[in-house]
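Participant: Got final.cif for you, mmCIF, C-alpha atoms (C1' of nucleotides) and all ligand atoms:
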```cif
data_upload
loop_
_atom_site.label_atom_id
_atom_site.label_comp_id
_atom_site.auth_asym_id
_atom_site.auth_seq_id
_atom_site.Cartn_x
_atom_site.Cartn_y
_atom_site.Cartn_z
CA MET A 123 -45.82 151.61 -98.12
CA PRO A 124 -45.79 154.87 -100.07
CA ALA A 125 -44.24 155.49 -103.45
CA ALA A 126 -40.70 156.80 -103.73
CA HIS A 127 -40.19 160.46 -104.41
CA GLN A 128 -38.26 162.07 -107.13
CA PRO A 129 -35.70 164.63 -106.11
CA SER A 130 -37.70 167.84 -106.06
CA PRO A 131 -35.74 169.98 -108.56
CA VAL A 132 -36.04 169.22 -112.25
CA PRO A 133 -33.60 166.55 -113.37
CA LEU A 134 -30.90 167.23 -115.87
CA THR A 135 -31.78 166.42 -119.47
CA VAL A 136 -29.55 164.66 -121.95
CA ASP A 137 -29.55 167.75 -124.15
CA ARG A 138 -28.42 169.96 -121.30
CA VAL A 139 -25.59 167.56 -120.50
CA ALA A 140 -24.56 167.49 -124.16
CA GLN A 141 -24.47 171.27 -124.19
CA ILE A 142 -22.37 171.51 -121.05
CA CYS A 143 -19.93 168.93 -122.36
CA SER A 144 -19.55 170.87 -125.56
CA GLU A 145 -18.93 174.08 -123.62
CA ARG A 146 -16.32 172.36 -121.50
CA GLY A 147 -14.66 170.67 -124.42
CA VAL A 148 -15.18 167.15 -123.08
CA LYS A 149 -16.62 164.29 -125.10
CA PHE A 150 -20.17 163.18 -124.51
CA THR A 151 -19.71 159.89 -126.34
CA ALA A 152 -22.49 157.51 -127.32
CA LEU A 153 -21.72 155.25 -124.38
CA ARG A 154 -21.76 158.10 -121.90
CA ARG A 155 -25.01 159.41 -123.32
CA ILE A 156 -26.65 156.00 -123.17
CA ALA A 157 -25.41 155.49 -119.62
CA PHE A 158 -26.84 158.83 -118.58
CA GLU A 159 -30.18 158.09 -120.27
CA ALA A 160 -30.32 154.77 -118.51
CA LEU A 161 -29.67 156.40 -115.15
CA LEU A 162 -32.45 158.91 -115.76
CA GLU A 163 -34.97 156.16 -116.41
CA PHE A 164 -34.44 154.51 -113.05
CA ASN A 165 -36.03 157.30 -111.01
CA GLY A 166 -33.67 156.82 -108.13
CA PRO A 167 -30.19 155.72 -107.17
CA VAL A 168 -28.87 153.01 -109.47
CA GLY A 169 -26.36 150.32 -108.58
CA ALA A 170 -23.42 149.92 -110.91
CA TYR A 171 -24.48 146.43 -111.87
CA ASP A 172 -28.04 147.52 -112.55
CA LEU A 173 -26.54 150.06 -114.90
CA ILE A 174 -24.42 147.38 -116.54
CA ARG A 175 -27.53 145.32 -117.21
CA ALA A 176 -29.34 148.35 -118.58
CA LEU A 177 -26.43 149.10 -120.89
CA GLN A 178 -26.40 145.51 -122.07
CA ARG A 179 -30.09 145.73 -122.94
CA ARG A 180 -29.62 148.99 -124.81
CA LEU A 181 -26.51 147.96 -126.67
CA GLY A 182 -27.49 144.36 -127.31
CA LYS A 183 -24.08 143.13 -126.31
CA PRO A 184 -22.08 142.30 -123.19
CA VAL A 185 -20.84 145.21 -121.12
CA GLY A 186 -18.08 144.72 -118.59
CA PRO A 187 -17.85 146.48 -115.25
CA PRO A 188 -14.99 148.78 -116.31
CA THR A 189 -17.08 150.12 -119.16
CA ALA A 190 -19.87 151.14 -116.82
CA TYR A 191 -17.55 152.41 -114.11
CA ARG A 192 -15.66 154.55 -116.59
CA ALA A 193 -18.86 156.12 -117.84
CA LEU A 194 -19.92 156.76 -114.25
CA GLU A 195 -16.54 158.27 -113.47
CA PHE A 196 -16.88 160.68 -116.35
CA LEU A 197 -20.40 161.64 -115.34
CA GLN A 198 -19.35 162.16 -111.74
CA GLU A 199 -16.28 164.19 -112.60
CA ASN A 200 -18.45 166.51 -114.62
CA GLY A 201 -21.12 166.79 -111.97
CA PHE A 202 -23.85 165.03 -113.95
CA VAL A 203 -24.13 162.16 -111.52
CA THR A 204 -23.75 161.97 -107.75
CA ARG A 205 -22.66 158.88 -105.96
CA ILE A 206 -24.84 158.00 -102.96
CA GLU A 207 -22.23 156.52 -100.67
CA THR A 208 -24.51 154.83 -98.19
CA ARG A 209 -26.29 152.99 -100.99
CA ASN A 210 -23.36 152.22 -103.30
CA ALA A 211 -25.44 153.79 -106.01
CA PHE A 212 -25.52 156.62 -108.50
CA LEU A 213 -28.07 159.34 -109.04
CA PRO A 214 -28.36 161.87 -111.87
CA SER A 215 -27.61 165.30 -110.53
CA THR A 216 -29.80 168.36 -110.76
CA HIS A 217 -27.06 170.99 -110.73
CA PRO A 218 -23.89 170.17 -112.63
CA GLU A 219 -22.46 173.56 -111.87
CA ASP A 220 -21.86 173.02 -108.15
CA PRO A 221 -21.28 169.30 -107.80
CA ALA A 222 -19.99 169.23 -104.23
CA THR A 223 -22.96 171.06 -102.80
CA GLY A 224 -25.68 168.48 -102.54
CA ALA A 225 -26.89 166.66 -99.51
CA PHE A 226 -29.52 163.98 -99.30
CA PHE A 227 -32.28 162.69 -97.12
CA LEU A 228 -32.53 158.97 -97.77
CA CYS A 229 -35.60 157.05 -96.68
CA ASN A 230 -34.68 153.65 -95.32
CA HIS A 231 -38.22 152.46 -95.83
CA CYS A 232 -39.11 153.26 -99.45
CA GLY A 233 -35.74 154.26 -100.85
CA ALA A 234 -36.81 157.82 -101.59
CA THR A 235 -34.05 160.34 -102.14
CA LEU A 236 -34.68 163.95 -101.29
CA GLU A 237 -32.01 166.42 -102.10
CA MET A 238 -31.48 169.51 -99.99
CA ASP A 239 -29.38 172.55 -100.56
CA LEU A 240 -26.27 172.81 -98.45
CA THR A 241 -25.24 176.37 -99.17
CA GLU A 242 -26.14 177.64 -95.73
CA LEU A 243 -24.11 174.90 -94.12
CA GLU A 244 -21.04 175.52 -96.17
CA ALA A 245 -19.92 178.48 -94.12
CA GLU A 246 -20.04 176.30 -91.05
CA PHE A 247 -18.08 173.52 -92.75
CA ALA A 248 -15.58 176.05 -94.06
CA SER A 249 -14.98 177.63 -90.66
CA ARG A 250 -14.42 174.25 -89.07
CA ALA A 251 -12.12 173.26 -91.87
CA ALA A 252 -10.19 176.51 -91.52
CA LYS A 253 -9.69 175.89 -87.80
CA VAL A 254 -7.80 172.69 -88.48
CA GLY A 255 -6.24 173.78 -91.74
CA PHE A 256 -8.13 171.26 -93.79
CA ARG A 257 -8.88 171.96 -97.45
CA VAL A 258 -12.25 170.47 -98.32
CA GLY A 259 -12.97 168.91 -101.69
CA ARG A 260 -15.88 166.55 -102.04
CA ARG A 261 -18.62 166.77 -99.43
CA VAL A 262 -20.72 163.75 -98.57
CA VAL A 263 -23.80 164.49 -96.49
CA GLU A 264 -26.39 161.75 -96.30
CA LEU A 265 -29.09 161.77 -93.67
CA GLN A 266 -30.88 158.47 -93.33
CA GLY A 267 -34.29 158.10 -91.81
CA THR A 268 -37.97 158.00 -92.71
CA CYS A 269 -39.68 160.20 -95.26
CA ALA A 270 -42.97 161.95 -94.62
CA ASP A 271 -45.03 159.48 -96.66
CA CYS A 272 -43.56 156.51 -94.86
CA GLN A 273 -44.21 158.01 -91.44
CA GLU A 274 -47.91 158.47 -92.23
CA THR A 275 -48.43 154.94 -93.37
CA THR A 276 -45.94 152.93 -91.37
CA SER A 277 -48.18 151.33 -88.79
CA ALA A 278 -51.16 150.59 -91.04
CA ALA A 279 -49.42 149.21 -94.09
CA GLU A 280 -46.78 147.06 -92.47
CA GLY A 281 -46.46 143.38 -93.19
CA GLN A 282 -48.03 143.35 -96.63
CA SER A 283 -46.48 142.51 -99.97
CA GLN A 284 -42.82 143.29 -100.44
CA VAL A 285 -42.65 146.13 -102.92
CA VAL A 286 -39.36 147.78 -103.74
CA LYS A 287 -39.37 151.30 -105.04
CA GLY A 288 -37.10 154.20 -105.70
CA GLY A 289 -34.52 152.27 -107.65
CA ARG A 290 -32.86 150.68 -104.65
CA GLY A 291 -34.90 148.95 -101.98
CA MET B 110 4.07 162.82 -97.25
CA PRO B 111 3.18 163.59 -93.61
CA ALA B 112 2.09 161.15 -90.98
CA ALA B 113 -1.60 160.45 -90.44
CA HIS B 114 -3.31 162.10 -87.51
CA GLN B 115 -5.23 160.52 -84.74
CA PRO B 116 -8.70 161.82 -84.14
CA SER B 117 -8.11 164.67 -81.73
CA PRO B 118 -10.24 163.57 -78.72
CA VAL B 119 -8.98 160.72 -76.61
CA PRO B 120 -9.96 157.35 -78.01
CA LEU B 121 -12.21 155.01 -76.14
CA THR B 122 -10.43 152.44 -74.01
CA VAL B 123 -11.34 148.79 -73.73
CA ASP B 124 -12.08 149.26 -70.04
CA ARG B 125 -14.45 152.09 -70.74
CA VAL B 126 -16.28 150.01 -73.34
CA ALA B 127 -16.52 147.12 -70.90
CA GLN B 128 -17.99 149.43 -68.30
CA ILE B 129 -20.58 150.86 -70.68
CA CYS B 130 -21.59 147.39 -71.83
CA SER B 131 -22.05 146.32 -68.28
CA GLU B 132 -24.19 149.39 -67.54
CA ARG B 133 -26.30 148.70 -70.58
CA GLY B 134 -26.66 145.01 -69.87
CA VAL B 135 -25.10 143.91 -73.17
CA LYS B 136 -22.38 141.34 -73.46
CA PHE B 137 -18.82 142.42 -74.17
CA THR B 138 -17.69 138.95 -75.15
CA ALA B 139 -14.09 137.90 -75.72
CA LEU B 140 -14.48 138.15 -79.47
CA ARG B 141 -15.99 141.62 -79.30
CA ARG B 142 -13.25 142.78 -76.98
CA ILE B 143 -10.52 141.39 -79.18
CA ALA B 144 -12.11 142.96 -82.23
CA PHE B 145 -12.25 146.33 -80.51
CA GLU B 146 -8.64 146.03 -79.35
CA ALA B 147 -7.58 145.19 -82.88
CA LEU B 148 -9.39 148.22 -84.25
CA LEU B 149 -7.70 150.48 -81.72
CA GLU B 150 -4.26 149.30 -82.77
CA PHE B 151 -4.74 150.31 -86.38
CA ASN B 152 -4.71 154.05 -85.68
CA GLY B 153 -7.20 154.77 -88.41
CA PRO B 154 -10.13 153.37 -90.34
CA VAL B 155 -9.90 149.60 -90.74
CA GLY B 156 -11.35 147.56 -93.56
CA ALA B 157 -13.44 144.56 -92.57
CA TYR B 158 -10.98 142.16 -94.13
CA ASP B 159 -8.03 143.77 -92.39
CA LEU B 160 -9.92 143.18 -89.18
CA ILE B 161 -10.55 139.58 -90.17
CA ARG B 162 -6.83 139.05 -90.65
CA ALA B 163 -6.08 140.75 -87.34
CA LEU B 164 -8.57 138.51 -85.58
CA GLN B 165 -7.03 135.45 -87.18
CA ARG B 166 -3.61 136.46 -85.93
CA ARG B 167 -4.89 137.06 -82.44
CA LEU B 168 -7.01 133.95 -82.22
CA GLY B 169 -4.65 131.65 -84.09
CA LYS B 170 -7.50 130.18 -86.10
CA PRO B 171 -9.56 130.97 -89.18
CA VAL B 172 -12.16 133.72 -88.82
CA GLY B 173 -14.96 134.01 -91.34
CA PRO B 174 -16.41 137.28 -92.56
CA PRO B 175 -19.67 136.87 -90.62
CA THR B 176 -17.76 136.62 -87.37
CA ALA B 177 -16.03 139.94 -87.98
CA TYR B 178 -19.11 141.65 -89.37
CA ARG B 179 -21.16 140.57 -86.39
CA ALA B 180 -18.62 141.98 -83.98
CA LEU B 181 -18.57 145.21 -85.98
CA GLU B 182 -22.34 145.36 -85.96
CA PHE B 183 -22.40 145.06 -82.20
CA LEU B 184 -19.74 147.72 -81.79
CA GLN B 185 -21.56 150.07 -84.15
CA GLU B 186 -24.96 149.55 -82.56
CA ASN B 187 -23.46 150.49 -79.24
CA GLY B 188 -21.65 153.52 -80.58
CA PHE B 189 -18.14 152.16 -79.99
CA VAL B 190 -17.27 152.11 -83.67
CA THR B 191 -18.22 154.37 -86.55
CA ARG B 192 -18.38 153.22 -90.11
CA ILE B 193 -16.59 155.54 -92.56
CA GLU B 194 -18.80 155.16 -95.60
CA THR B 195 -16.51 156.67 -98.17
CA ARG B 196 -13.72 154.28 -97.16
CA ASN B 197 -15.71 151.11 -96.46
CA ALA B 198 -13.94 151.09 -93.16
CA PHE B 199 -14.47 151.20 -89.43
CA LEU B 200 -13.07 153.55 -86.83
CA PRO B 201 -13.24 153.35 -83.03
CA SER B 202 -15.46 156.09 -81.74
CA THR B 203 -14.57 158.73 -79.19
CA HIS B 204 -18.06 159.31 -77.79
CA PRO B 205 -20.27 156.26 -77.44
CA GLU B 206 -23.00 158.36 -75.87
CA ASP B 207 -24.01 160.29 -79.00
CA PRO B 208 -23.16 158.02 -81.91
CA ALA B 209 -24.96 159.98 -84.62
CA THR B 210 -23.18 163.24 -83.90
CA GLY B 211 -19.80 162.84 -85.50
CA ALA B 212 -18.54 164.12 -88.81
CA PHE B 213 -15.19 163.57 -90.39
CA PHE B 214 -12.54 165.30 -92.39
CA LEU B 215 -10.80 162.64 -94.44
CA CYS B 216 -7.45 163.36 -96.08
CA ASN B 217 -7.24 161.81 -99.53
CA HIS B 218 -3.50 162.07 -99.43
CA CYS B 219 -2.38 160.47 -96.17
CA GLY B 220 -5.59 158.84 -94.98
CA ALA B 221 -5.82 160.98 -91.87
CA THR B 222 -9.19 161.13 -90.17
CA LEU B 223 -10.12 164.20 -88.20
CA GLU B 224 -13.36 164.16 -86.33
CA MET B 225 -15.38 167.30 -85.77
CA ASP B 226 -18.37 167.94 -83.62
CA LEU B 227 -21.64 168.39 -85.44
CA THR B 228 -23.83 169.62 -82.64
CA GLU B 229 -24.05 173.15 -83.97
CA LEU B 230 -25.14 171.89 -87.34
CA GLU B 231 -27.89 169.71 -85.97
CA ALA B 232 -30.36 172.53 -85.67
CA GLU B 233 -29.84 173.28 -89.32
CA PHE B 234 -30.32 169.66 -90.30
CA ALA B 235 -33.37 169.42 -88.09
CA SER B 236 -35.03 172.49 -89.54
CA ARG B 237 -34.48 171.26 -93.07
CA ALA B 238 -35.78 167.86 -92.14
CA ALA B 239 -38.82 169.41 -90.52
CA LYS B 240 -39.61 171.38 -93.68
CA VAL B 241 -40.00 168.20 -95.68
CA GLY B 242 -41.36 166.05 -92.87
CA PHE B 243 -38.35 163.80 -92.80
CA ARG B 244 -37.37 162.00 -89.61
CA VAL B 245 -33.60 161.75 -89.42
CA GLY B 246 -31.83 158.74 -87.98
CA ARG B 247 -28.23 158.11 -88.83
CA ARG B 248 -26.20 161.06 -90.12
CA VAL B 249 -23.26 160.56 -92.44
CA VAL B 250 -21.06 163.61 -92.91
CA GLU B 251 -17.69 163.01 -94.52
CA LEU B 252 -15.67 165.85 -95.98
CA GLN B 253 -12.86 164.71 -98.21
CA GLY B 254 -9.85 166.82 -99.02
CA THR B 255 -6.32 167.55 -97.90
CA CYS B 256 -5.15 167.85 -94.31
CA ALA B 257 -2.92 170.66 -93.08
CA ASP B 258 0.21 168.51 -93.00
CA CYS B 259 -0.30 167.32 -96.53
CA GLN B 260 -0.85 170.84 -97.84
CA GLU B 261 2.44 172.03 -96.39
CA THR B 262 4.46 169.27 -97.90
CA THR B 263 2.61 168.43 -101.09
CA SER B 264 4.85 170.09 -103.65
CA ALA B 265 8.22 169.29 -102.05
CA ALA B 266 7.65 165.68 -101.08
CA GLU B 267 5.82 164.40 -104.13
CA GLY B 268 7.15 161.49 -106.13
CA GLN B 269 9.16 159.79 -103.41
CA SER B 270 8.64 156.46 -101.74
CA GLN B 271 5.08 155.19 -101.46
CA VAL B 272 4.23 155.20 -97.80
CA VAL B 273 0.77 154.34 -96.65
CA LYS B 274 -0.39 155.64 -93.32
CA GLY B 275 -3.47 156.13 -91.24
CA GLY B 276 -4.72 152.59 -91.62
CA ARG B 277 -6.10 153.02 -95.13
CA GLY B 278 -3.96 154.44 -97.82
"C1'" DC C 52 -32.35 118.16 -67.45
"C1'" DA C 53 -35.21 120.32 -71.42
"C1'" DA C 54 -36.43 124.49 -73.80
"C1'" DG C 55 -35.32 128.73 -75.55
"C1'" DG C 56 -32.26 132.33 -76.68
"C1'" DT C 57 -27.81 134.59 -77.87
"C1'" DA C 58 -23.33 134.14 -79.75
"C1'" DG C 59 -20.13 132.21 -82.80
"C1'" DG C 60 -18.31 128.81 -86.68
"C1'" DT C 61 -18.37 127.52 -91.53
"C1'" DA C 62 -19.39 127.19 -96.41
"C1'" DA C 63 -21.15 129.17 -100.00
"C1'" DT C 64 -22.55 132.95 -102.48
"C1'" DG C 65 -23.75 137.66 -103.62
"C1'" DT C 66 -22.39 142.37 -104.62
"C1'" DT C 67 -19.34 146.10 -105.73
"C1'" DA C 68 -14.99 147.69 -107.79
"C1'" DT C 69 -10.33 147.46 -109.86
"C1'" DT C 70 -6.22 145.84 -112.53
"C1'" DA C 71 -4.02 144.74 -116.68
"C1'" DC C 72 -3.90 144.46 -121.16
"C1'" DA C 73 -5.86 144.45 -125.97
"C1'" DT C 74 -8.20 147.09 -129.43
"C1'" DC C 75 -10.42 150.86 -131.67
"C1'" DA C 76 -10.97 155.57 -133.36
"C1'" DC C 77 -9.73 160.02 -133.83
"C1'" DT C 78 -6.11 163.75 -134.42
"C1'" DC C 79 -2.20 165.67 -135.87
"C1'" DA C 80 2.40 165.94 -137.64
"C1'" DC C 81 5.02 164.60 -141.47
"C1'" DG D 63 -2.11 159.36 -146.84
"C1'" DT D 64 0.54 157.24 -143.20
"C1'" DG D 65 1.98 156.45 -138.83
"C1'" DA D 66 2.62 158.03 -134.21
"C1'" DG D 67 0.17 159.50 -130.26
"C1'" DT D 68 -3.88 159.93 -127.50
"C1'" DG D 69 -8.26 159.07 -125.38
"C1'" DA D 70 -12.10 155.77 -125.24
"C1'" DT D 71 -13.77 151.23 -125.07
"C1'" DG D 72 -13.63 145.86 -124.85
"C1'" DT D 73 -12.41 141.76 -122.21
"C1'" DA D 74 -10.74 138.59 -118.73
"C1'" DA D 75 -9.47 138.03 -114.47
"C1'" DT D 76 -9.42 139.18 -109.84
"C1'" DA D 77 -9.82 141.92 -105.70
"C1'" DA D 78 -12.53 143.85 -102.09
"C1'" DC D 79 -16.61 144.13 -99.50
"C1'" DA D 80 -20.79 141.95 -97.55
"C1'" DT D 81 -24.64 138.63 -96.72
"C1'" DT D 82 -27.32 134.20 -96.48
"C1'" DA D 83 -28.16 129.86 -94.62
"C1'" DC D 84 -27.36 126.60 -91.63
"C1'" DC D 85 -25.17 124.49 -87.85
"C1'" DT D 86 -22.99 124.21 -83.16
"C1'" DA D 87 -21.82 125.84 -78.51
"C1'" DC D 88 -23.12 127.87 -74.59
"C1'" DC D 89 -25.79 129.97 -71.13
"C1'" DT D 90 -30.05 130.88 -68.69
"C1'" DT D 91 -34.07 129.57 -66.58
"C1'" DG D 92 -38.01 126.80 -65.29
ZN ZN A 301 -42.20 158.27 -100.04
ZN ZN A 302 -40.11 156.61 -97.47
ZN ZN A 303 -1.41 164.46 -91.81
ZN ZN A 304 -3.04 164.26 -95.13
#
```
In structure tokens, how does this file's structure come out?
Ligand SMILES: [Zn+2]
Ligand SMILES: [Zn+2]
Ligand SMILES: [Zn+2]
Ligand SMILES: [Zn+2]
Facilitator:
Amino acid sequence: MPAAHQPSPVPLTVDRVAQICSERGVKFTALRRIAFEALLEFNGPVGAYDLIRALQRRLGKPVGPPTAYRALEFLQENGFVTRIETRNAFLPSTHPEDPATGAFFLCNHCGATLEMDLTELEAEFASRAAKVGFRVGRRVVELQGTCADCQETTSAAEGQSQVVKGGRG
Amino acid sequence: MPAAHQPSPVPLTVDRVAQICSERGVKFTALRRIAFEALLEFNGPVGAYDLIRALQRRLGKPVGPPTAYRALEFLQENGFVTRIETRNAFLPSTHPEDPATGAFFLCNHCGATLEMDLTELEAEFASRAAKVGFRVGRRVVELQGTCADCQETTSAAEGQSQVVKGGRG
DNA sequence: CAAGGTAGGTAATGTTATTACATCACTCAC
DNA sequence: GTGAGTGATGTAATAACATTACCTACCTTG
């Protein structure tokens, strides 16, 4: 079983997020910063309760679900984090400027997440939306399947030790 | 607030499902049939626990989550039901022959679900997948926003009685 | 009828997310 | 400075969604 991939583009840094927040006049509080740092360290989609545990470790005190969910809500609203719907998990974004634009290949085998650009598809979505008078907000495009690495090694490596990678197995 | 739409194509009937099951040599048991009938009556995406309650009413006895989830699993595997990921809900399909092909407009306001055909987009998905060596299985495409009806009436009708339509408000 | 397989019943538990309310911290009149 | 008002966080409880494990019923087939 191959290792999980990173999303190909460079991930957002904490400093960049801080800068954008300042430009937008929204508050990048300590909690929100720590939550974002924690998400970055996972190298893959992170479940809300994994984040809660990470926050507890970092803060040295109990952290309730609402605390984590509120931080995630802020990060999502500002395009710093994308929710992966089919995994109930959260992934740091690579492009906070156009939050609704991402789409993902998700490997069912190793958990890899591979982001692709949707710009070329948007015209198609828009024309279909226009036909029925629908105004599109958030776009969720998640294509599940098998990544290149996992296809190469599927037959040979099957049935060995259970290793979970990519943040969510 | 306007009424929720049906998906535009004609919904699958119980008879048609029975026929397909028979052709495929899979068992359309009483429970599975009743579950499918219940889903049809909701006129929109149905949460698993709403289905459980519907089954309990119809069967006059307690129904545990596994019973409902197993029926849903069967119906999904055979393309009779589609899971709406962003709603944690289940919707009877209109085209059991090509289960991976659908995409949905989902109105955040009234809960309407509007299915669109994705065939033209598949080439685009395929070419992107090919570029990175990804083999695509299940496709999830859900575009959230505001349906035509809700756009017309948003400003005028706001702030009145809370009416929930379309199965999931 | 015995063996094996598929479907369904039941209890318990796991996982994800929200509600409601209390508290804290900062800002801005006054 | 003080006290409202506001946005952010803390806490407890609960809701909503989903799975595991195990058992029982039934059907098929040799
Ligand atoms: Zn990989
Ligand atoms: Zn993989
Ligand atoms: Zn409508
Ligand atoms: Zn609507």
Participant: Restrict the distance test to all atoms listed in the file, flag each residue of chain B within 6 Å of chain A, and return the flagged residues as a list in words.
Facilitator: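 Here they are: Gly242, Phe243, Arg244, Val245, Gly246, Arg247, Arg248, Val249, Val250, Glu251, Leu252, Gln253, Gly254, Thr255, Cys256 and Ala257 of chain B.
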Participant: Neighbours of range 56-71 of chain C within 9 Å (only C-alpha atoms (C1' of nucleotides); same-chain residues fewer than 3 positions away dropped), as a PyMOL selection string?
Facilitator: (chain A and resi 169-171+187-188+191+210) or (chain B and resi 138+140+172-173+176) or (chain D and resi 75-83+85-90)
Participant: Measure the distance from CA of Thr135 in chain A to CA of Pro184 in chain A in Å and round it to one decimal.
Facilitator: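 Separation of CA of Thr135 in chain A and CA of Pro184 in chain A: 26.3 Å.
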Participant: Find the residues near DG69 in chain D: any atom within 12 Å, counting only C-alpha atoms (C1' of nucleotides), skip ones fewer than 4 places away on the same chain, and give them as a list in words.
Facilitator: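 Skipping anything fewer than 4 positions along the chain leaves Val148, Lys149 and Thr151 of chain A; DC75, DA76, DC77 and DT78 of chain C.
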Participant: Which is closest to chain C among B:Ile143, B:Ala127, B:Ala177, B:Cys219, if we use all atoms listed in the file?
Facilitator: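 When distances to chain C are compared using all atoms listed in the file, the smallest one comes from B:Ala177.
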Participant: Just how far from CA of Val190 in chain B is CA of Thr204 in chain A, in Å to one decimal?
Facilitator: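 CA of Thr204 in chain A sits 26.8 Å away from CA of Val190 in chain B.
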Participant: If you measure from CA of Arg138 in chain A to CA of Leu181 in chain A, what distance in Å do you get, rounded to one decimal?
Facilitator: 22.7 Å
Participant: Go ahead and fit an axis-aligned box to every listed atom of range 210-223 of chain B plus 8 Å each side, and pass me the centre and edge lengths in Å, one decimal, as AutoDock Vina command-line options.
Facilitator:
```
--center_x -12.8 --center_y 162.1 --center_z -91.7 --size_x 36.8 --size_y 22.5 --size_z 31.6
```
Participant: Neighbourhood query: residues within 9 Å of (-31.1, 154.9, -108.5), file coordinates, counting only C-alpha atoms (C1' of nucleotides); return as a ChimeraX atom specification.
Facilitator: /A:161-169,172,206,211-214,233,235,288-290
Participant: Which is closer to ligand ZN 302 (chain A) than all the others in A:Leu173, A:Pro133, A:His231, A:Thr275, using all atoms listed in the file?
Facilitator: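 Ranking A:Leu173, A:Pro133, A:His231, A:Thr275 by distance to ligand ZN 302 (chain A), first place goes to A:His231.
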Participant: Counting only C-alpha atoms (C1' of nucleotides), figure out which residue out of A:Ala234, A:Leu177, A:Ala193, A:Ala160 gets nearest to chain D.
Facilitator: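 Nearest to chain D: A:Ala193.
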Participant: Compute the set of chain D residues within 9 Å of chain A, using all atoms listed in the file, and express it as a list in words.
Facilitator: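 Using all atoms listed in the file, chain D residues at most 9 Å from chain A: DA70, DT71, DG72 and DT73 of chain D.
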Participant: Supply range 178-189 of chain A as a PDB file, keeping the file's coordinate frame, with N, CA, C and O atoms built in where the input has gaps.
Facilitator:
```
ATOM      1  N   GLN A 178     -26.372 146.718-121.248  1.00  0.00           N
ATOM      2  CA  GLN A 178     -26.400 145.510-122.070  1.00  0.00           C
ATOM      3  C   GLN A 178     -27.691 145.436-122.880  1.00  0.00           C
ATOM      4  O   GLN A 178     -27.673 145.115-124.067  1.00  0.00           O
ATOM      5  N   ARG A 179     -28.818 145.735-122.218  1.00  0.00           N
ATOM      6  CA  ARG A 179     -30.090 145.730-122.940  1.00  0.00           C
ATOM      7  C   ARG A 179     -30.067 146.729-124.086  1.00  0.00           C
ATOM      8  O   ARG A 179     -30.454 146.426-125.202  1.00  0.00           O
ATOM      9  N   ARG A 180     -29.585 147.930-123.802  1.00  0.00           N
ATOM     10  CA  ARG A 180     -29.620 148.990-124.810  1.00  0.00           C
ATOM     11  C   ARG A 180     -28.659 148.740-125.955  1.00  0.00           C
ATOM     12  O   ARG A 180     -28.917 149.138-127.085  1.00  0.00           O
ATOM     13  N   LEU A 181     -27.535 148.139-125.644  1.00  0.00           N
ATOM     14  CA  LEU A 181     -26.510 147.960-126.670  1.00  0.00           C
ATOM     15  C   LEU A 181     -26.600 146.595-127.343  1.00  0.00           C
ATOM     16  O   LEU A 181     -25.981 146.371-128.385  1.00  0.00           O
ATOM     17  N   GLY A 182     -27.358 145.689-126.717  1.00  0.00           N
ATOM     18  CA  GLY A 182     -27.490 144.360-127.310  1.00  0.00           C
ATOM     19  C   GLY A 182     -26.205 143.571-127.323  1.00  0.00           C
ATOM     20  O   GLY A 182     -26.013 142.697-128.159  1.00  0.00           O
ATOM     21  N   LYS A 183     -25.336 143.875-126.381  1.00  0.00           N
ATOM     22  CA  LYS A 183     -24.080 143.130-126.310  1.00  0.00           C
ATOM     23  C   LYS A 183     -23.540 143.185-124.887  1.00  0.00           C
ATOM     24  O   LYS A 183     -23.972 144.031-124.103  1.00  0.00           O
ATOM     25  N   PRO A 184     -22.611 142.291-124.555  1.00  0.00           N
ATOM     26  CA  PRO A 184     -22.080 142.300-123.190  1.00  0.00           C
ATOM     27  C   PRO A 184     -21.359 143.597-122.857  1.00  0.00           C
ATOM     28  O   PRO A 184     -20.724 144.213-123.715  1.00  0.00           O
ATOM     29  N   VAL A 185     -21.492 143.992-121.619  1.00  0.00           N
ATOM     30  CA  VAL A 185     -20.840 145.210-121.120  1.00  0.00           C
ATOM     31  C   VAL A 185     -20.118 144.851-119.836  1.00  0.00           C
ATOM     32  O   VAL A 185     -20.733 144.350-118.895  1.00  0.00           O
ATOM     33  N   GLY A 186     -18.833 145.050-119.793  1.00  0.00           N
ATOM     34  CA  GLY A 186     -18.080 144.720-118.590  1.00  0.00           C
ATOM     35  C   GLY A 186     -18.134 145.829-117.564  1.00  0.00           C
ATOM     36  O   GLY A 186     -18.418 146.978-117.901  1.00  0.00           O
ATOM     37  N   PRO A 187     -17.850 145.474-116.311  1.00  0.00           N
ATOM     38  CA  PRO A 187     -17.850 146.480-115.250  1.00  0.00           C
ATOM     39  C   PRO A 187     -16.996 147.716-115.574  1.00  0.00           C
ATOM     40  O   PRO A 187     -17.472 148.845-115.367  1.00  0.00           O
ATOM     41  N   PRO A 188     -15.783 147.567-116.081  1.00  0.00           N
ATOM     42  CA  PRO A 188     -14.990 148.780-116.310  1.00  0.00           C
ATOM     43  C   PRO A 188     -15.678 149.765-117.251  1.00  0.00           C
ATOM     44  O   PRO A 188     -15.565 150.977-117.064  1.00  0.00           O
ATOM     45  N   THR A 189     -16.376 149.237-118.228  1.00  0.00           N
ATOM     46  CA  THR A 189     -17.080 150.120-119.160  1.00  0.00           C
ATOM     47  C   THR A 189     -18.074 150.998-118.413  1.00  0.00           C
ATOM     48  O   THR A 189     -18.104 152.220-118.597  1.00  0.00           O
TER      49      THR A 189
END
```
